[in-house]
Every structure is written in structure tokens, then in C-alpha cells.
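Q: I'd like to ask you about the structure that follows.
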Amino acid sequence: MSGVVTGDAVVLGLQPARLPSRALAVLIDLVVVWAVYLAIALGLAVATASLDEAAATAVSIACFLLVLVGAPIAVETLSHGRSLGKLACGLRVVRDDGGPIRFRHALVRGAMGVVEILMTFGVIACIASLVSERGRRLGDVFAGTLVVRERVPAARGLAVPPPPPWLVGRFAALDLSAVPERLWLEIRQYLTRARELDPFVGRRLAERLADELVARTGTPPPPGVPADAYLAGVVAERQARDARRAFSSVESAAGAGAEVSAGGVAPVVPHVVPTVVPAVVAEESRGRGTGFAPPG
């Protein structure tokens, strides 16, 4: 399996980028950086024409370091791993555990990139990326990072399993406004990959995620409900709310068009084809067997 695995043994839906896409992203970055460097160097050459040779050399070295080394480090740090080339190719630099990179990661990558890419014209980086199982160059190895693909075909996504029927509607009054997207993503990834985990590791991970979800919502789960069933029920409730909001917006647009047509003006109703959002799980899961047994 080529996905990224966290320290909790959760397989993330991140696919490592390979050499062709990485090389194209680096090429785009180099074209932009060298264009900026040449423009700045030309301007400095004109501005420092009156200086002596030593001062002009010092300015040139400082310009080289700031533009060709410092600028990529700053861009990766501020954009959390998305340079212009990576953004164009749908790539991103992340930590080995799938989290966003920080300054120290970008600094190590940038320092090694001077040797791997600039001084050897990318030969070392290409060889390291071809040898590495996950396409990493030496800068990624020393920094503990990985370049992954952000734009993955939607067909590869896995559906979240439905909750037990006896939990349907139990979380309708739950306040989910304080739950961050990061936690939703972790819960969804756990639910879709739960069968691939070791039972003991999966149970511990489900309990940790359930505790964090309870801390965000402020409401404990019903007595006797297992952690994985609780997570599935809360995710199903959120999907049901999203589905209701999507359908209500479509109905509102249709109603507004009908009111305009009643006034003698041709209705302008946008052709809205809702994507296949998760159906209201509260209605669909009543007829499904899930393997869960209600608490005695």
C-alpha cells in the first residue's frame, strides 16, 4: 500500500508523487525563481555600479542566497508546502505523518536542494527519487517530509460505513459547530480504513478520536455505545445535515424562480444538478444490516 501511514497506524488517503510530476513542478519553480533572480541581479548590477569589486561580489552572493535559496524556503513555509510549481501540478509537501510542514522542514529541504538540484542540475535528486519507494529525494529524507498528490481522482475514495440502525437519530441535537475539519478528516479516514487496522490499534484510535470529539461537542456518547459506533453515528448526522442544507438551497432557488415567473418575467432558475451527496443516513440505514448489536 502506497498511502501515508500515521503514527497511529491510520492509512491516509495521500498518494506519494513520482518523479515526472515532481520534475515538472521543480522545473516551473526554477523558471520562476531564475527569472526573478536575473531581474533582481540586473537591477542590483546597475545600482551597485559605483561600488568596488568586493562590495559588488558580496551583494551578488547575498542576492543569490536570498532569491534562489531563501525565497523557496519562505514560500514553502508560508504556503505549508505548496510552491507555484507544486500548486500547478497538484502536489504538496507534508510531513511523514501527513501533517503540514514547518520552517525547519522547509529549511532542510531548501539547503539540500542547493546541492541536489542547483549544483548537480538535479541529477542527485532524480537518482534518489527513482531509488526511493515513495519518490523522496535526499532533502525529504533528512527533513522527514514527503511530496504527495493533492488532486486524486474521486473514484478512489472510500465510502464511510453507515452507523448501527439503533443509533440513527440519536445525535440530532448534537452541536457540531466547534468540530474542526482536521478532526472530521481523521474520523472519516479511520472509519474507511478500520477493517485494515489491527483490532487493538483500531480500538485505541477510535477511543482517542471519540474523546476528542466529545471534548469538541461537550456531550458524552450514550451509555454502552462503542467508540467506533459513536464516531459512525456522529459522521452520519453531519452528512445528513449537509444533505438537508444542499437540498434546501436547491428548493429555495426553484421557489425564487417561480415567484419571478408569477410577476410576468421569465423564470431564471439555475440548472442545479446536486452532486451525489450522502443521502440522509437517518432514512437509508433503517433497512441495512450493519453487524452492530444495540447495547443490552
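Letters for chains follow the order of the C-alpha cells (A, B, ...), residue numbers begin at 1 for each chain, and ligand numbers begin at 1 in the order shown.
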Per DSSP on the backbone, what are the alpha helix (DSSP H) residues of stretch 10-202 of chain A, as a PyMOL selection string?

A: chain A and resi 19-47+53-64+71-78+84-89+103-113+123-131+138-143+181-193+199-202

Q: Residues at most 9 Å from stretch 175-188 of chain A, counting only C-alpha atoms, excluding those fewer than 2 positions away in the same chain, as a VMD selection string?

A: chain A and resid 10 12 159 to 160 171 to 173 190 to 193 206 209 to 210 212 to 213 216 to 219 231 to 232 234 to 235 238

Q: Please identify all polymer residues within 6 Å of stretch 60-73 of chain A, counting only C-alpha atoms, omitting same-chain residues fewer than 6 positions from it, and present them as a compact mmCIF listing (two decimals) with N, CA, C and O atoms, in the first residue's frame.

A:
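For reference, result38.txt as written:
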```
# COMPACT_ATOMS: atom_id res chain seq x y z
N TYR A 37 15.41 36.08 -10.09
CA TYR A 37 16.82 36.32 -9.73
C TYR A 37 17.54 37.16 -10.78
O TYR A 37 18.28 38.09 -10.45
N ALA A 106 11.16 23.02 5.77
CA ALA A 106 11.47 23.75 4.54
C ALA A 106 12.94 24.16 4.49
O ALA A 106 13.55 24.17 3.41
N LEU A 107 13.52 24.48 5.65
CA LEU A 107 14.93 24.88 5.68
C LEU A 107 15.84 23.72 5.27
O LEU A 107 16.76 23.90 4.46
N GLY A 110 15.36 23.08 1.56
CA GLY A 110 16.00 24.11 0.74
C GLY A 110 17.51 24.00 0.74
O GLY A 110 18.16 24.17 -0.31
```
